[in-house]
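Text of entry03.txt, listed as compact mmCIF, C-alpha atoms:
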# COMPACT_ATOMS: atom_id res chain seq x y z
CA MET A 1 -27.83 22.97 15.09
CA SER A 2 -31.39 24.34 15.23
CA ALA A 3 -34.34 22.39 13.81
CA ASP A 4 -34.72 24.88 10.96
CA ARG A 5 -31.28 24.08 9.49
CA PHE A 6 -29.44 20.96 8.35
CA THR A 7 -25.77 20.32 7.66
CA ALA A 8 -23.51 18.74 5.06
CA THR A 9 -19.86 17.81 5.51
CA TYR A 10 -17.35 17.96 2.65
CA LEU A 11 -13.76 17.23 1.84
CA ILE A 12 -12.44 20.05 -0.32
CA GLU A 13 -9.18 20.70 -2.14
CA THR A 14 -8.40 24.15 -3.48
CA ALA A 15 -5.64 26.63 -4.22
CA HIS A 16 -7.86 29.49 -3.05
CA PRO A 17 -8.01 30.69 0.55
CA LEU A 18 -10.09 28.11 2.40
CA GLU A 19 -12.50 30.64 3.88
CA HIS A 20 -13.18 32.13 0.44
CA ALA A 21 -13.64 28.71 -1.18
CA ALA A 22 -16.10 27.64 1.52
CA GLN A 23 -18.12 30.83 1.04
CA VAL A 24 -18.26 30.14 -2.71
CA MET A 25 -19.76 26.71 -1.94
CA ALA A 26 -22.31 28.21 0.42
CA GLY A 27 -23.37 30.84 -2.09
CA GLU A 28 -23.58 28.47 -5.06
CA GLN A 29 -25.87 26.07 -3.21
CA SER A 30 -28.22 28.65 -1.74
CA ALA A 31 -29.13 32.30 -2.36
CA GLY A 32 -25.81 33.62 -3.62
CA THR A 33 -24.12 33.69 -7.01
CA PHE A 34 -20.85 35.07 -8.37
CA MET A 35 -22.25 38.61 -8.13
CA ARG A 36 -25.26 40.30 -6.58
CA VAL A 37 -28.41 40.16 -8.69
CA HIS A 38 -31.61 42.19 -8.67
CA GLY A 39 -33.85 41.13 -5.79
CA GLU A 40 -31.01 39.62 -3.75
CA THR A 41 -31.70 41.72 -0.68
CA ASP A 42 -29.91 41.51 2.63
CA GLU A 43 -33.14 40.18 4.14
CA LEU A 44 -33.36 37.41 1.55
CA ARG A 45 -29.73 36.43 2.10
CA GLN A 46 -30.23 36.40 5.84
CA SER A 47 -33.16 33.96 5.51
CA HIS A 48 -31.89 31.71 2.70
CA MET A 49 -28.09 31.71 2.58
CA ALA A 50 -26.12 28.64 3.51
CA ARG A 51 -23.56 29.22 6.27
CA VAL A 52 -20.02 28.00 6.76
CA GLU A 53 -20.13 26.35 10.18
CA SER A 54 -16.56 25.09 10.38
CA ILE A 55 -13.34 24.58 8.44
CA GLU A 56 -10.80 21.97 9.54
CA ARG A 57 -7.47 22.27 7.72
CA LEU A 58 -6.07 18.89 6.64
CA GLY A 59 -2.80 19.91 5.00
CA ARG A 60 -1.31 20.51 1.58
CA VAL A 61 -1.05 18.34 -1.52
CA ASP A 62 1.76 18.55 -4.06
CA GLU A 63 -0.47 18.93 -7.10
CA PRO A 64 -4.18 19.23 -7.93
CA SER A 65 -6.05 15.94 -7.73
CA LEU A 66 -8.47 16.76 -10.56
CA PRO A 67 -8.04 18.65 -13.83
CA GLY A 68 -9.85 21.85 -14.76
CA SER A 69 -9.59 23.89 -11.59
CA ARG A 70 -8.50 27.53 -11.78
CA PRO A 71 -6.09 28.76 -9.11
CA PRO A 72 -5.89 32.42 -8.10
CA LYS A 73 -4.38 34.65 -10.77
CA GLN A 74 -1.70 36.00 -8.45
CA GLY A 75 1.13 34.02 -6.91
CA GLU A 76 2.21 30.38 -6.97
CA PRO A 77 -0.79 28.11 -6.30
CA ILE A 78 -0.72 26.17 -3.04
CA TYR A 79 -3.29 23.36 -2.91
CA GLN A 80 -4.80 22.63 0.47
CA ARG A 81 -7.34 20.12 1.72
CA ALA A 82 -9.91 20.77 4.43
CA LYS A 83 -13.08 19.38 5.95
CA VAL A 84 -15.88 21.92 5.63
CA ILE A 85 -19.32 21.84 7.27
CA LEU A 86 -22.06 23.95 5.72
CA SER A 87 -25.54 24.46 7.09
CA PHE A 88 -28.62 25.14 4.97
CA PRO A 89 -32.03 26.59 5.83
CA TYR A 90 -34.80 24.00 5.83
CA ILE A 91 -37.09 26.50 4.11
CA ASN A 92 -34.90 26.28 0.98
CA VAL A 93 -35.83 22.64 0.34
CA GLY A 94 -38.85 21.59 2.40
CA THR A 95 -39.53 17.86 2.43
CA ASN A 96 -38.31 17.30 -1.12
CA LEU A 97 -35.66 14.57 -1.21
CA PRO A 98 -34.42 15.18 -4.80
CA VAL A 99 -34.06 18.91 -4.08
CA LEU A 100 -32.24 18.17 -0.84
CA MET A 101 -29.86 15.93 -2.80
CA SER A 102 -29.34 18.74 -5.33
CA THR A 103 -28.66 21.16 -2.50
CA VAL A 104 -25.94 19.14 -0.80
CA SER A 105 -24.42 17.59 -3.94
CA GLY A 106 -25.29 19.62 -7.03
CA ASN A 107 -23.14 22.03 -9.03
CA LEU A 108 -20.53 22.05 -6.28
CA PHE A 109 -18.57 19.38 -8.12
CA GLU A 110 -18.11 21.65 -11.13
CA LEU A 111 -16.94 24.81 -9.38
CA SER A 112 -13.63 25.95 -10.87
CA GLN A 113 -12.19 26.95 -7.50
CA PHE A 114 -11.88 23.29 -6.50
CA SER A 115 -9.42 20.62 -7.56
CA GLY A 116 -11.26 18.20 -5.31
CA LEU A 117 -14.66 18.07 -3.62
CA LYS A 118 -16.48 15.17 -2.00
CA LEU A 119 -19.68 14.99 0.03
CA LEU A 120 -18.81 13.02 3.16
CA ASP A 121 -22.09 13.09 5.08
CA PHE A 122 -25.21 15.14 5.75
CA THR A 123 -28.04 15.37 8.26
CA PHE A 124 -31.75 15.21 7.47
CA PRO A 125 -34.04 17.98 8.66
CA ASP A 126 -36.29 16.55 11.36
CA ALA A 127 -39.34 17.08 9.14
CA TYR A 128 -38.15 14.20 6.94
CA ARG A 129 -38.72 11.72 9.73
CA ASP A 130 -42.45 11.68 9.04
CA ALA A 131 -42.50 12.91 5.44
CA TYR A 132 -41.13 9.72 3.86
CA LEU A 133 -42.11 6.11 4.35
CA GLY A 134 -38.60 4.70 4.53
CA PRO A 135 -38.02 0.92 4.47
CA GLN A 136 -41.23 -1.11 4.65
CA PHE A 137 -39.65 -4.44 5.62
CA GLY A 138 -36.04 -3.71 6.59
CA ILE A 139 -34.18 -6.34 8.58
CA GLU A 140 -37.04 -7.80 10.63
CA GLY A 141 -39.47 -8.07 7.73
CA THR A 142 -36.86 -9.61 5.44
CA ARG A 143 -35.99 -12.23 8.04
CA ARG A 144 -39.67 -13.03 8.52
CA LEU A 145 -40.28 -13.57 4.80
CA ALA A 146 -37.11 -15.64 4.38
CA ASP A 147 -37.67 -17.50 7.67
CA VAL A 148 -34.02 -17.03 8.62
CA TYR A 149 -33.01 -15.92 12.12
CA ASP A 150 -29.78 -15.73 14.15
CA ARG A 151 -27.50 -15.92 11.11
CA PRO A 152 -26.99 -14.08 7.83
CA LEU A 153 -29.14 -14.85 4.81
CA ILE A 154 -27.00 -16.93 2.44
CA GLY A 155 -27.55 -16.22 -1.23
CA THR A 156 -26.22 -16.00 -4.74
CA ILE A 157 -26.71 -14.28 -8.10
CA ILE A 158 -28.08 -15.76 -11.32
CA LYS A 159 -25.09 -16.49 -13.53
CA PRO A 160 -24.41 -16.19 -16.43
CA SER A 161 -25.56 -12.61 -15.92
CA VAL A 162 -27.39 -12.58 -19.27
CA GLY A 163 -28.10 -15.20 -21.88
CA LEU A 164 -30.26 -17.71 -20.04
CA SER A 165 -33.81 -18.25 -21.27
CA PRO A 166 -36.70 -18.04 -18.78
CA GLN A 167 -36.84 -21.84 -18.69
CA GLN A 168 -33.09 -22.14 -18.10
CA THR A 169 -33.29 -19.53 -15.35
CA GLY A 170 -36.05 -21.55 -13.68
CA GLU A 171 -33.93 -24.70 -13.89
CA LEU A 172 -31.00 -22.91 -12.26
CA VAL A 173 -33.18 -21.54 -9.47
CA SER A 174 -34.50 -25.07 -8.90
CA LEU A 175 -30.91 -26.26 -8.42
CA LEU A 176 -30.18 -23.39 -6.05
CA ALA A 177 -33.35 -23.94 -4.03
CA GLU A 178 -32.51 -27.63 -3.65
CA ALA A 179 -29.04 -26.59 -2.52
CA GLY A 180 -30.61 -24.82 0.46
CA LEU A 181 -30.10 -21.17 -0.40
CA ASP A 182 -32.11 -18.48 1.35
CA PHE A 183 -31.86 -15.81 -1.33
CA VAL A 184 -31.31 -15.58 -5.10
CA LYS A 185 -31.15 -12.38 -7.15
CA ASP A 186 -31.14 -11.39 -10.77
CA ASP A 187 -27.95 -9.85 -12.02
CA GLU A 188 -28.24 -6.08 -12.40
CA LEU A 189 -27.82 -6.49 -16.18
CA MET A 190 -30.94 -8.61 -16.48
CA GLY A 191 -34.18 -6.73 -17.04
CA ASP A 192 -37.02 -7.28 -19.51
CA SER A 193 -34.90 -8.44 -22.42
CA PRO A 194 -35.88 -10.04 -25.74
CA HIS A 195 -34.10 -13.27 -24.86
CA SER A 196 -35.71 -13.45 -21.41
CA PRO A 197 -39.00 -11.52 -21.18
CA PHE A 198 -39.68 -10.50 -17.60
CA ALA A 199 -43.15 -12.01 -17.28
CA GLU A 200 -41.97 -15.37 -18.63
CA ARG A 201 -38.95 -15.39 -16.30
CA VAL A 202 -41.14 -14.66 -13.28
CA LYS A 203 -43.49 -17.49 -14.25
CA HIS A 204 -40.77 -20.12 -14.67
CA VAL A 205 -38.87 -19.08 -11.56
CA MET A 206 -41.88 -18.77 -9.27
CA ASP A 207 -43.28 -22.11 -10.44
CA VAL A 208 -40.05 -23.64 -9.14
CA VAL A 209 -39.98 -21.57 -5.94
CA ASN A 210 -43.61 -22.30 -5.08
CA ARG A 211 -43.25 -26.04 -5.70
CA HIS A 212 -40.15 -26.10 -3.51
CA ALA A 213 -42.00 -24.19 -0.78
CA ASP A 214 -44.92 -26.63 -0.93
CA LYS A 215 -42.49 -29.53 -0.53
CA THR A 216 -40.19 -28.13 2.15
CA GLY A 217 -42.07 -25.29 3.83
CA LYS A 218 -39.31 -22.84 2.93
CA LYS A 219 -39.82 -20.19 0.24
CA VAL A 220 -36.58 -19.00 -1.31
CA MET A 221 -36.52 -15.21 -1.58
CA VAL A 222 -35.85 -14.21 -5.20
CA ALA A 223 -35.08 -10.57 -6.01
CA PHE A 224 -36.33 -9.97 -9.56
CA ASN A 225 -34.74 -6.95 -11.23
CA ILE A 226 -37.68 -4.70 -12.12
CA SER A 227 -35.56 -1.68 -13.15
CA GLY A 228 -37.17 0.31 -15.93
CA ASP A 229 -39.43 3.29 -16.43
CA MET A 230 -42.15 4.10 -13.90
CA ASP A 231 -44.89 2.09 -15.59
CA HIS A 232 -42.64 -0.95 -15.84
CA LEU A 233 -41.54 -0.69 -12.21
CA LEU A 234 -45.10 -0.82 -10.90
CA HIS A 235 -46.34 -3.44 -13.35
CA ALA A 236 -43.32 -5.70 -12.83
CA HIS A 237 -43.67 -5.43 -9.06
CA ASP A 238 -47.28 -6.58 -9.36
CA LEU A 239 -46.35 -9.53 -11.56
CA VAL A 240 -43.89 -10.72 -8.90
CA TYR A 241 -46.36 -10.17 -6.06
CA GLU A 242 -49.20 -11.95 -7.84
CA ALA A 243 -46.92 -14.92 -8.60
CA GLY A 244 -46.15 -15.31 -4.90
CA GLY A 245 -42.74 -13.66 -4.98
CA THR A 246 -41.20 -12.05 -1.92
CA CYS A 247 -38.74 -9.46 -3.27
CA VAL A 248 -38.03 -7.05 -6.11
CA MET A 249 -34.75 -5.40 -7.03
CA ILE A 250 -33.88 -2.01 -8.50
CA ASN A 251 -30.69 -0.50 -9.88
CA MET A 252 -30.81 2.55 -7.62
CA ILE A 253 -28.59 4.96 -9.53
CA GLN A 254 -30.25 4.27 -12.87
CA VAL A 255 -33.82 4.29 -11.53
CA GLY A 256 -33.29 7.34 -9.33
CA LEU A 257 -34.77 8.77 -6.18
CA SER A 258 -38.19 9.82 -7.47
CA ALA A 259 -38.96 6.42 -8.99
CA THR A 260 -37.79 4.70 -5.81
CA ILE A 261 -40.07 6.89 -3.71
CA ARG A 262 -43.04 6.09 -5.97
CA LEU A 263 -42.26 2.38 -5.98
CA ARG A 264 -42.10 2.36 -2.18
CA GLN A 265 -45.54 4.00 -2.02
CA HIS A 266 -46.89 1.19 -4.21
CA ALA A 267 -44.84 -1.78 -3.04
CA GLN A 268 -46.05 -4.77 -1.07
CA LEU A 269 -42.65 -6.48 -1.27
CA PRO A 270 -39.15 -5.69 0.02
CA ILE A 271 -37.05 -3.53 -2.32
CA HIS A 272 -33.52 -4.81 -2.88
CA GLY A 273 -31.24 -1.88 -3.76
CA HIS A 274 -28.31 -2.58 -6.07
CA ARG A 275 -25.68 0.14 -6.30
CA ASN A 276 -24.08 -0.74 -9.67
CA GLY A 277 -22.31 2.32 -11.01
CA TRP A 278 -21.25 3.31 -7.50
CA GLY A 279 -17.62 3.66 -8.61
CA MET A 280 -18.55 6.91 -10.41
CA PHE A 281 -19.11 8.47 -6.99
CA SER A 282 -16.40 6.78 -4.96
CA ARG A 283 -13.40 5.72 -7.04
CA HIS A 284 -11.45 8.96 -6.45
CA ASP A 285 -10.93 10.12 -2.89
CA ALA A 286 -11.35 13.77 -3.89
CA LEU A 287 -14.54 13.52 -5.95
CA GLY A 288 -18.13 12.38 -5.56
CA MET A 289 -19.75 11.31 -2.31
CA SER A 290 -19.16 8.77 0.40
CA TYR A 291 -21.48 5.84 0.93
CA LEU A 292 -22.36 7.33 4.33
CA ALA A 293 -24.18 10.03 2.40
CA PHE A 294 -25.44 7.97 -0.56
CA GLN A 295 -27.15 5.27 1.49
CA LYS A 296 -29.15 7.83 3.48
CA PHE A 297 -30.93 9.08 0.36
CA PHE A 298 -32.16 5.62 -0.64
CA ARG A 299 -33.02 4.51 2.88
CA MET A 300 -35.26 7.53 3.12
CA ALA A 301 -36.69 6.75 -0.33
CA GLY A 302 -37.67 3.27 0.89
CA VAL A 303 -35.26 0.48 -0.04
CA ASP A 304 -34.95 -2.46 2.38
CA HIS A 305 -31.57 -3.93 1.37
CA LEU A 306 -28.43 -2.09 0.27
CA HIS A 307 -25.33 -3.51 -1.40
CA VAL A 308 -22.06 -2.66 0.36
CA ASN A 309 -19.50 -4.82 -1.54
CA GLY A 310 -17.57 -7.40 0.51
CA LEU A 311 -14.26 -8.05 2.25
CA ARG A 312 -11.35 -8.87 -0.05
CA ASN A 313 -13.65 -8.15 -2.97
CA LYS A 314 -12.94 -8.26 -6.69
CA PHE A 315 -13.36 -4.49 -6.98
CA CYS A 316 -11.16 -1.64 -5.76
CA GLU A 317 -12.90 -0.80 -2.48
CA PRO A 318 -10.82 -1.37 0.67
CA ASP A 319 -12.19 -3.51 3.50
CA ALA A 320 -12.49 -0.60 5.95
CA SER A 321 -14.79 1.22 3.53
CA VAL A 322 -16.97 -1.88 3.12
CA ILE A 323 -17.44 -2.26 6.87
CA GLU A 324 -18.10 1.46 7.30
CA ALA A 325 -20.84 1.20 4.65
CA ALA A 326 -22.45 -1.82 6.33
CA GLN A 327 -22.34 -0.15 9.74
CA ALA A 328 -24.01 2.91 8.23
CA CYS A 329 -26.92 0.76 7.00
CA LEU A 330 -27.41 -0.54 10.54
CA THR A 331 -27.17 2.88 12.20
CA PRO A 332 -30.56 4.50 12.99
CA LEU A 333 -31.33 7.85 11.40
CA TRP A 334 -33.44 8.79 14.44
CA PRO A 335 -33.76 7.04 17.81
CA GLU A 336 -37.52 6.67 17.45
CA LYS A 337 -37.52 5.87 13.71
CA SER A 338 -34.42 4.01 12.70
CA PHE A 339 -34.95 3.39 8.96
CA THR A 340 -32.24 0.70 9.23
CA VAL A 341 -31.77 -1.64 6.27
CA MET A 342 -30.05 -4.96 5.64
CA PRO A 343 -26.52 -4.61 4.20
CA VAL A 344 -25.72 -6.97 1.34
CA PHE A 345 -22.19 -8.36 1.12
CA SER A 346 -21.18 -9.60 -2.32
CA SER A 347 -18.31 -9.59 -4.83
CA GLY A 348 -15.82 -12.44 -4.60
CA GLN A 349 -17.27 -13.78 -1.35
CA TRP A 350 -16.81 -17.36 -0.11
CA ALA A 351 -16.54 -19.08 3.26
CA GLY A 352 -13.15 -17.58 4.02
CA GLN A 353 -14.33 -14.01 4.66
CA ALA A 354 -17.12 -14.94 7.10
CA PRO A 355 -15.09 -14.74 10.36
CA ASP A 356 -13.51 -11.41 9.45
CA THR A 357 -16.87 -10.00 8.37
CA TYR A 358 -18.48 -10.93 11.67
CA ALA A 359 -15.51 -9.73 13.72
CA ALA A 360 -15.64 -6.34 12.02
CA LEU A 361 -19.42 -5.85 11.89
CA HIS A 362 -20.43 -7.57 15.16
CA SER A 363 -23.77 -8.46 13.61
CA THR A 364 -25.48 -11.19 11.62
CA ASP A 365 -28.03 -8.77 10.18
CA LEU A 366 -26.77 -9.04 6.64
CA MET A 367 -27.04 -10.90 3.37
CA TYR A 368 -23.97 -12.84 2.32
CA LEU A 369 -24.00 -13.50 -1.43
CA ALA A 370 -21.50 -15.78 -3.12
CA GLY A 371 -21.35 -16.77 -6.77
CA GLY A 372 -18.36 -18.95 -7.45
CA GLY A 373 -18.02 -19.47 -3.70
CA ILE A 374 -21.16 -21.62 -3.97
CA LEU A 375 -21.49 -22.74 -7.56
CA ALA A 376 -17.82 -23.70 -8.02
CA HIS A 377 -17.50 -25.77 -4.84
CA PRO A 378 -15.83 -29.13 -5.62
CA ASP A 379 -18.87 -31.06 -4.36
CA GLY A 380 -21.45 -28.81 -6.03
CA PRO A 381 -23.75 -25.94 -4.99
CA ALA A 382 -25.33 -27.69 -1.99
CA ALA A 383 -21.87 -28.28 -0.52
CA GLY A 384 -21.01 -24.66 -1.30
CA VAL A 385 -24.03 -23.47 0.70
CA ARG A 386 -23.10 -25.75 3.60
CA SER A 387 -19.53 -24.44 3.56
CA LEU A 388 -20.83 -20.89 4.01
CA ARG A 389 -23.15 -21.86 6.85
CA GLN A 390 -20.32 -23.76 8.51
CA ALA A 391 -18.01 -20.75 8.20
CA TRP A 392 -20.60 -18.51 9.83
CA GLN A 393 -21.17 -21.07 12.57
CA ALA A 394 -17.44 -21.04 13.25
CA ALA A 395 -17.45 -17.25 13.31
CA LEU A 396 -20.35 -17.12 15.78
CA GLU A 397 -18.70 -19.70 18.03
CA GLY A 398 -15.34 -17.96 17.84
CA ALA A 399 -13.69 -21.09 16.48
CA PRO A 400 -10.65 -20.84 14.17
CA LEU A 401 -11.77 -21.64 10.65
CA ASN A 402 -9.07 -24.24 9.97
CA GLU A 403 -9.85 -26.12 13.17
CA PHE A 404 -13.58 -26.02 12.55
CA ALA A 405 -13.00 -27.32 9.02
CA GLU A 406 -11.42 -30.53 10.34
CA LYS A 407 -14.88 -31.70 11.37
CA HIS A 408 -16.78 -30.14 8.47
CA SER A 409 -15.79 -31.53 5.10
CA GLU A 410 -17.56 -28.94 2.92
CA LEU A 411 -15.75 -26.09 4.67
CA LYS A 412 -12.46 -27.94 4.45
CA GLN A 413 -12.87 -28.41 0.70
CA ALA A 414 -13.72 -24.72 0.32
CA LEU A 415 -10.58 -23.70 2.21
CA GLU A 416 -8.47 -25.99 0.06
CA LYS A 417 -9.94 -24.67 -3.19
CA TYR A 418 -10.57 -20.98 -2.65
CA GLY A 419 -7.88 -20.36 -0.05
CA ALA A 420 -5.22 -20.98 -2.68
CA LEU A 421 -6.65 -18.37 -5.10

Could you take the file, read its structure, and then write that structure out as structure tokens?
Amino acid sequence: MSADRFTATYLIETAHPLEHAAQVMAGEQSAGTFMRVHGETDELRQSHMARVESIERLGRVDEPSLPGSRPPKQGEPIYQRAKVILSFPYINVGTNLPVLMSTVSGNLFELSQFSGLKLLDFTFPDAYRDAYLGPQFGIEGTRRLADVYDRPLIGTIIKPSVGLSPQQTGELVSLLAEAGLDFVKDDELMGDSPHSPFAERVKHVMDVVNRHADKTGKKVMVAFNISGDMDHLLHAHDLVYEAGGTCVMINMIQVGLSATIRLRQHAQLPIHGHRNGWGMFSRHDALGMSYLAFQKFFRMAGVDHLHVNGLRNKFCEPDASVIEAAQACLTPLWPEKSFTVMPVFSSGQWAGQAPDTYAALHSTDLMYLAGGGILAHPDGPAAGVRSLRQAWQAALEGAPLNEFAEKHSELKQALEKYGAL
């Protein structure tokens, strides 16, 4: 593909001839429409039309996956699936990330010719390599701030998700810091709420974190959820930075690309990207977009950490999809400018998934967040943290978890409690 074009790959399902359906997609997302309009010259179409680069037939389905599609008026509808690659002229979008996202994933999803359509992946035009800042801290900078090397960062989430006062949140973080955690994050539901004003929560939590750092030399990384409008994002970031904090968190889907880009331009702290709401894009295999595509947008926008779910999680995502998402975060966008970010494993995690996670990912460049897997340990949170570190030590040494647990009581207790769930 030439430097003046970029591609997007789709799964489509349609009762229309595949070649016709693909051309409809190309026209809708570039210079064409359902009929020629004034000014739509052959020269303009030649310069600005998307092209169908390839169509790979994947077979038939018995019935349409999604409601609302309109099959051809003649004949019995036959629904087929295919993988389609379109290419788009760079001059249509320039270095405008929101417009690029609209181009590869806009009104396509509403076209009546399709009973299924999903964005699987896309390529960035080369001009984007230098047009956006990308992650400021990424993996190396996060490890430096957390002072954790050669193993995953072990962390947890503030629970209950909502309801704790600023003082109670500080008390919980004190307990977690004493337990030896590397990382603690706000729940995505916690923002600047009447029962826990953001500025007060930052004060109580950072008082605890700073005192613990003075005593031990280790500063726990706390990701404060600063999601809100643009003014709040910037102001809340500064409150955390001025208090000595080392991370802020955003709800990526709700905050959006433009706000993320602006925050990255302003930020002096790592940006922890939470993907809550992701199921809207991924729950159905014939609708939305894959995480391979989604994570690229927000890496370019400038987040440093990206949630990817976890193995044997409490949600509906299969393990293979989780690992594919984590591998995508660790895959460079360009050889000379990787924009890699730290994948965040969470959701129902405890010591038991550590060996399988390492075996599948072949990397320790990740965050491993456990809620009940730490806080509900029979011997308390500190033992829960130790059980996770022991499980990762076993994974790195290639030792069977049950055998390793015979000499590590915290891990053994975790296996006895959580392994029966």

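Across the model, the gap from CA of Glu242 (chain A) to CA of Lys203 (chain A) is 10.2 Å.
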
Counting all atoms listed in the file, which residues of region 142-252 of chain A sit at most 6 Å from some atom of region 266-289 of chain A, and what is each one's closest atom pair with its distance in Å to one decimal, listed by chain and rising residue number, as a Markdown table?
| residue | atom | partner | partner_atom | distance |
| --- | --- | --- | --- | --- |
| A:Thr246 | CA | A:Leu269 | CA | 5.8 |
| A:Cys247 | CA | A:Pro270 | CA | 5.0 |
| A:Val248 | CA | A:Ile271 | CA | 5.3 |
| A:Met249 | CA | A:His272 | CA | 4.4 |
| A:Ile250 | CA | A:Gly273 | CA | 5.4 |
| A:Asn251 | CA | A:His274 | CA | 5.0 |
| A:Met252 | CA | A:Arg275 | CA | 5.8 |

For region 206-213 of chain A, please output as a PyMOL selection string all residues within 9 Å (counting all atoms listed in the file; exclusion window: fewer than 2 positions along the same chain).
-> chain A and resi 170-171+173-174+177-178+201-204+215-222+240+243-245

Those same residues - C-alpha atoms - I'd like them written as a short mmCIF file (atom, residue, chain, number, x, y, z; two decimals), in the coordinates of the input.
data_model
loop_
_atom_site.label_atom_id
_atom_site.label_comp_id
_atom_site.auth_asym_id
_atom_site.auth_seq_id
_atom_site.Cartn_x
_atom_site.Cartn_y
_atom_site.Cartn_z
CA GLY A 170 -36.05 -21.55 -13.68
CA GLU A 171 -33.93 -24.70 -13.89
CA VAL A 173 -33.18 -21.54 -9.47
CA SER A 174 -34.50 -25.07 -8.90
CA ALA A 177 -33.35 -23.94 -4.03
CA GLU A 178 -32.51 -27.63 -3.65
CA ARG A 201 -38.95 -15.39 -16.30
CA VAL A 202 -41.14 -14.66 -13.28
CA LYS A 203 -43.49 -17.49 -14.25
CA HIS A 204 -40.77 -20.12 -14.67
CA LYS A 215 -42.49 -29.53 -0.53
CA THR A 216 -40.19 -28.13 2.15
CA GLY A 217 -42.07 -25.29 3.83
CA LYS A 218 -39.31 -22.84 2.93
CA LYS A 219 -39.82 -20.19 0.24
CA VAL A 220 -36.58 -19.00 -1.31
CA MET A 221 -36.52 -15.21 -1.58
CA VAL A 222 -35.85 -14.21 -5.20
CA VAL A 240 -43.89 -10.72 -8.90
CA ALA A 243 -46.92 -14.92 -8.60
CA GLY A 244 -46.15 -15.31 -4.90
CA GLY A 245 -42.74 -13.66 -4.98
#

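Separating CA of Phe88 (chain A) from CA of Pro335 (chain A) is a distance of 22.8 Å.
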
Neighbourhood query: residues within 10 Å of (-35.8, 5.0, 2.6), file coordinates, counting all atoms listed in the file; return as an mmCIF file with C-alpha atoms, in the frame of the given file.
data_model
loop_
_atom_site.group_PDB
_atom_site.id
_atom_site.type_symbol
_atom_site.label_atom_id
_atom_site.label_comp_id
_atom_site.auth_asym_id
_atom_site.auth_seq_id
_atom_site.Cartn_x
_atom_site.Cartn_y
_atom_site.Cartn_z
ATOM 1 C CA TYR A 132 -41.130 9.720 3.860
ATOM 2 C CA LEU A 133 -42.110 6.110 4.350
ATOM 3 C CA GLY A 134 -38.600 4.700 4.530
ATOM 4 C CA PRO A 135 -38.020 0.920 4.470
ATOM 5 C CA GLN A 136 -41.230 -1.110 4.650
ATOM 6 C CA GLY A 138 -36.040 -3.710 6.590
ATOM 7 C CA LEU A 257 -34.770 8.770 -6.180
ATOM 8 C CA THR A 260 -37.790 4.700 -5.810
ATOM 9 C CA ILE A 261 -40.070 6.890 -3.710
ATOM 10 C CA ARG A 264 -42.100 2.360 -2.180
ATOM 11 C CA ILE A 271 -37.050 -3.530 -2.320
ATOM 12 C CA GLN A 295 -27.150 5.270 1.490
ATOM 13 C CA LYS A 296 -29.150 7.830 3.480
ATOM 14 C CA PHE A 297 -30.930 9.080 0.360
ATOM 15 C CA PHE A 298 -32.160 5.620 -0.640
ATOM 16 C CA ARG A 299 -33.020 4.510 2.880
ATOM 17 C CA MET A 300 -35.260 7.530 3.120
ATOM 18 C CA ALA A 301 -36.690 6.750 -0.330
ATOM 19 C CA GLY A 302 -37.670 3.270 0.890
ATOM 20 C CA VAL A 303 -35.260 0.480 -0.040
ATOM 21 C CA ASP A 304 -34.950 -2.460 2.380
ATOM 22 C CA HIS A 305 -31.570 -3.930 1.370
ATOM 23 C CA PHE A 339 -34.950 3.390 8.960
ATOM 24 C CA THR A 340 -32.240 0.700 9.230
ATOM 25 C CA VAL A 341 -31.770 -1.640 6.270
#

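Using all atoms listed in the file, the shortest contact distance between Met101 (chain A) and any of A:Ala8, A:Ala31, A:Ala394, A:Leu263 is found at A:Ala8.
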
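Candidate residues A:Ser54, A:Asn313, A:Ser363, A:Asn402 were compared for distance to Ser346 (chain A), and the nearest is A:Asn313, using all atoms listed in the file.
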
What gap, in Å, lies between CA of Gln265 (chain A) and CA of Leu330 (chain A)?
-> 22.5 Å

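Minimum atom-to-atom distances from A:Ala146, A:Met49, A:Leu164, A:Ile157 to Phe345 (chain A) were compared using only C-alpha atoms, and the lowest value belongs to A:Ile157.
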
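Closest approach to Tyr10 (chain A) from the set A:Phe315, A:Phe114, A:Phe122, A:Tyr90 is made by A:Phe122, with distances taken over only C-alpha atoms.
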
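Shortest atom-to-atom contact with Gly116 (chain A) among A:Leu311, A:Leu361, A:Ala21, A:Leu234: A:Ala21, counting only C-alpha atoms.
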
Non-local contacts of Ala405 (chain A) (10 Å; all atoms listed in the file; under 3 positions in same chain excluded) as JSON, numbers by chain = {"A": [387, 390, 391, 394, 399, 400, 401, 402, 408, 409, 410, 411, 412, 413, 414, 415]}

Residue contacts of Ile55 (chain A) (10 Å, all atoms listed in the file) excluding same-chain residues fewer than 5 positions away, as JSON, numbers by chain = {"A": [9, 10, 11, 12, 18, 19, 22, 82, 83, 84, 85, 86]}

Pick out the closest residue to Glu397 (chain A) from this set: A:Pro355, A:Pro77, A:Gly191, A:Gly310. Count all atoms listed in the file.
-> A:Pro355

Per-axis box centre and lengths in Å around region 331-348 of chain A, 3 Å margin per side, axis-aligned, as lines of an AutoDock Vina configuration file:
center_x = -26.7
center_y = -1.8
center_z = 6.5
size_x = 27.7
size_y = 27.2
size_z = 28.6

If we count all atoms listed in the file and set the cut-off at 6 Å, which residues sit around Phe6 (chain A), ignoring sequence neighbours fewer than 5 positions away in its own chain? Please answer as a PDB file with C-alpha atoms, in the frame of the given file.
ATOM      1  CA  SER A  87     -25.540  24.460   7.090  1.00  0.00           C
ATOM      2  CA  PHE A  88     -28.620  25.140   4.970  1.00  0.00           C
ATOM      3  CA  THR A 123     -28.040  15.370   8.260  1.00  0.00           C
ATOM      4  CA  PRO A 125     -34.040  17.980   8.660  1.00  0.00           C
TER       5      PRO A 125
END
